[in-house]
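Only one structure is covered here, and it is reproduced in the block below.
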Protein chains: 2
Amino acid sequence: MTRTHPAGTPLGDDFHVYDTTLRDGAQREGISYSVTDKLAVARLLDGLGVGFIEGGWPGALPKDTEFFHRAAQGELELDHAALVAFGSTRRAGSTVEEDRQVAALLDSGAPVVTLVAKSDRRHVERALRTDVAENCAMVADTVRYLVEHGRRVFLDAEHFFDGYAFDPDTSLRVLDAAAGAGADVVVLCDTNGGQLPLQLAETVEEVIARTGLRVGIHCQDDTGCAVANSVAAVQAGASHVQCTANGYGERAGNADLFAVLGNLGAKLGKPVLPEGKLAELTRVSHALAEIANLAPDTHQAYVGHSAFAHKAGLHASAIKVDPELYNHLDPVDVGNDMRVLVTEMAGRASLELKGAELGLELSPEAVGDAVRKVKELEARGWSFEAADASLELLLRRESGDAALDAPFELESYRVLLDHRDDGEVVSEATVRVSVSGERVIATAEGNGPVNALDAALRQALVPRLPWLESVELADYKVRILVDEPGTDAVTRVLVESRDGEQEWTTVGVHANIVEASWLALSDALSYKSLRRNVTAASR
Amino acid sequence: MTRTHPAGTPLGDDFHVYDTTLRDGAQREGISYSVTDKLAVARLLDGLGVGFIEGGWPGALPKDTEFFHRAAQGELELDHAALVAFGSTRRAGSTVEEDRQVAALLDSGAPVVTLVAKSDRRHVERALRTDVAENCAMVADTVRYLVEHGRRVFLDAEHFFDGYAFDPDTSLRVLDAAAGAGADVVVLCDTNGGQLPLQLAETVEEVIARTGLRVGIHCQDDTGCAVANSVAAVQAGASHVQCTANGYGERAGNADLFAVLGNLGAKLGKPVLPEGKLAELTRVSHALAEIANLAPDTHQAYVGHSAFAHKAGLHASAIKVDPELYNHLDPVDVGNDMRVLVTEMAGRASLELKGAELGLELSPEAVGDAVRKVKELEARGWSFEAADASLELLLRRESGDAALDAPFELESYRVLLDHRDDGEVVSEATVRVSVSGERVIATAEGNGPVNALDAALRQALVPRLPWLESVELADYKVRILVDEPGTDAVTRVLVESRDGEQEWTTVGVHANIVEASWLALSDALSYKSLRRNVTAASR
């Protein structure tokens, strides 16, 4: 693993897509990558075609040290990206040769090193407790040492924008020190994330004009502008952009790699990825969310499940005719789909679109029946816009789809809740179901009525339908609808399920919250059964 | 309600903070506001001090019609904001006088109307199927008609940026038609959300230079740049900015009101809100998420729980000494905290403030105890941000308030749910309580477990405490909290109650949804009892 330049991308080394999910992204509260996770993340990013993958900080974090070790042992084959180790310069008042952290950077075997350095005089004096001259010497010594040892070196100029506003000369001296010692790119970091695009673009332009150096950009999202700032910097002349997958990072996060690539690649037409790879954005984004064990952001630009979902019934018929008038680009370009949400505001056109999306052949009568059914259910409180799986079941039922064998049938259930006088609360459920002709009774306890019911149902079904075991409840939402004074309130339950491959949402509505949950739960299992049958049929 | 200009804001009518959460924000997948929700949202936004609140589309959506009706009947008192109705121009080939949708705008009683109009020639020809001249006539006729009827009118120029790039003359003609007929502001809408800030700022500047009109901005987030685009437009001369709370909206959403206000108000120092109101951003953001029944985005700029949370071990000690070196602004300015505190509310100062607001004399020890108690409860999933009544009960308990006689004490309850084999679902609850020394047992049926429990409790209490009869459940919200993988989920229930004079919200948390509901329900009745005692004492 000795690659120091991106491979297979149209712009070659002229433009750097630099990912730091594994280092800066891992700072996000709630993310904790194992070494195996880190290897999987790196493979996905390389498959997407980014130019550089920053793997971590060897010597500072044991997992990162191990990641580089295993990568160097051959566990990580990269087709496009160069692997980067992150670290800091030698300490003040010491030599680079005796700095163990610098030694760890060399030991990591990474062919590229990104060094972080202070570029705000206040940080130099108040946090490092040294002076500008020594800070520049730390930068120059370390860069030179690594370059002499055959490494390609980039400099992350920390707190650059605040520092440059406070005392530009200090900040520029740090950049010059790095470049003079052999650093290839000086990366201007908005470490506190306080920048806005118009001013940031001006500063980038000014720094390039004053120094003539190759400049990169690294933005945090504290003003909600990290993506915009990154794109503005590139438009102002930066030719190296540091991002993280899905914007993961400390505080409000970093610039989202996928939005930045969407903007540069699909919107501005800059060939920042190998050909055809933009269409992988959505898949890679979701896969990386899975590895981080975070729910994908449904409303994320470009790659979110809702990013191209249209609700307004007003436009549904027009969208069908002229989708390009209503989308800022073709969702297929970034591997996403246009979806039309079915709501009280929508009608026939949106259900036809939905059917086509699912590959169903719906007769005009079936569409008419489905429209009536949806309207009738929505009038009673059902909502299909967030419950795609329930809508698919409904449409397939209307189209008489053969893949729709219900996996079980309910006879009855009973739930008992007891708040005893010692304060204990106990929930117990008994279900009576028939599974492929066999009648089964099961009883289970749970920490609440729905949990007990779910447990009893699984106890009845899993021995007979073992493929149901992988289905788990990912999220559960309840809404009480009390719109009409004087009428009985109904409860709407949304259940989000997953099986390791897919997530789907089902809905149930009833005056009784437990029955509503039951309806959504049993739809969730029917949907799993349906997907299984559809997959089997397509083999 | 006849206000047409913002009140109490430093910039008066010179700058418009315009919120469209209730109309455009409601397009977000998964949001479904009741009319009561809409009123609560409007009150929170008005309390924050926005200048305009767009309440919906009367005549098009029955809930929106009812919202304006109830607002006009006196259910919505606004201190700062003017209320706005949204609608479209008259249809092609017809007159404004016979347009029922335009009539509904007048009937709504809203003093301000925002009209949406096509400003992209392709949309005029392909979606509206008319020509540019008729489109301009539709705009001019409708604006003039509404102005003649005493309304202040703004124009939302839909798909403006795409249209202007395609055929600038058509787009400018639409703006001129509106302004010529009396529209006060022409709002350039990036309806498809495909803009990037540098280009958008140029266009805004150019349009202002070419037309001399007062220009507003409305951005969608499809490039992840809605906040940046909105701020850039203001810097380019726009003096009216349309946003939604937390960026709720169709597809990737809209410009987030809180990030835009943070950037304009805290970062650029523009006094866009009444004095002191920036410090409410975090609280209002979270309360609006609760009403939308969505989890607040922990990584949201400015207001996210993690927005000022530092993880990097590298800086931990330096942050303690010099926090201003590591935060882009003081989190207190926007009502947030630097540390990952248990809560926004748990700060000593805010609890003291709350106590003073309630007229409680809290000793320093009582405040200390209350802070500890709130932190401990919030660590277990409680949330007091939207549950003022529960917080008041907690504070009064800590202050040993005499008005706090619990109206009853629970011994035990039992709930039985039966889904019978004929498909009927039956819920029955039995409660054992003591009411002023007397032990009472009551059993009741309900349409669900919580309803049955509520019915049984009322049956036990109302004959003895007849003033409880007026209390009714206005709304009920459930959130399942699954923070730590591998640990048991807990359920948080928010109950909104009303008695014809007042509305109040209480919270309950437990692994069992029925027990959580019970806790919130009994707090709701305790609160009613408290208010009654406080009122009696003050007579």
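Please note that chains go A, B, ... in the order of the structure tokens, that every chain numbers its residues from 1, and that ligands are numbered from 1 in the order shown.
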Q: Once chain B is fitted onto chain A over all Cα atoms in order, please give the RMSD.
A: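 The RMSD between chain B and chain A over C-alpha atoms is 7.1 Å.
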Q: Among the residues of region 323-442 of chain B, find those DSSP assigns to helix (DSSP H, G or I) from the backbone and print them as a VMD selection string.
A: chain B and resid 323 to 325 331 to 334 348 to 357 364 to 379 388 to 398
Q: Select, from A:Glu54, A:Glu250, A:Asp184, A:Glu409, the residue with the minimum atom-to-atom distance to chain B, counting only C-alpha atoms.
A: A:Glu250
Q. Per DSSP on the backbone, what are the strand (DSSP E) residues of region 370-513 of chain B, as a VMD selection string?
A. chain B and resid 409 to 419 425 to 435 438 to 446 472 to 481 490 to 498 503 to 510
(Q) Using only C-alpha atoms, can you tell me which of B:Ala309, B:Ala177, B:Leu172, B:Arg152 comes closest to Val139 (chain B)? (A)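 Of B:Ala309, B:Ala177, B:Leu172, B:Arg152, the one nearest Val139 (chain B) is B:Ala177, counting only C-alpha atoms.
The gap separating CA of Arg414 (chain A) from CA of Asp422 (chain B) is 13.2 Å, in Å to one decimal.
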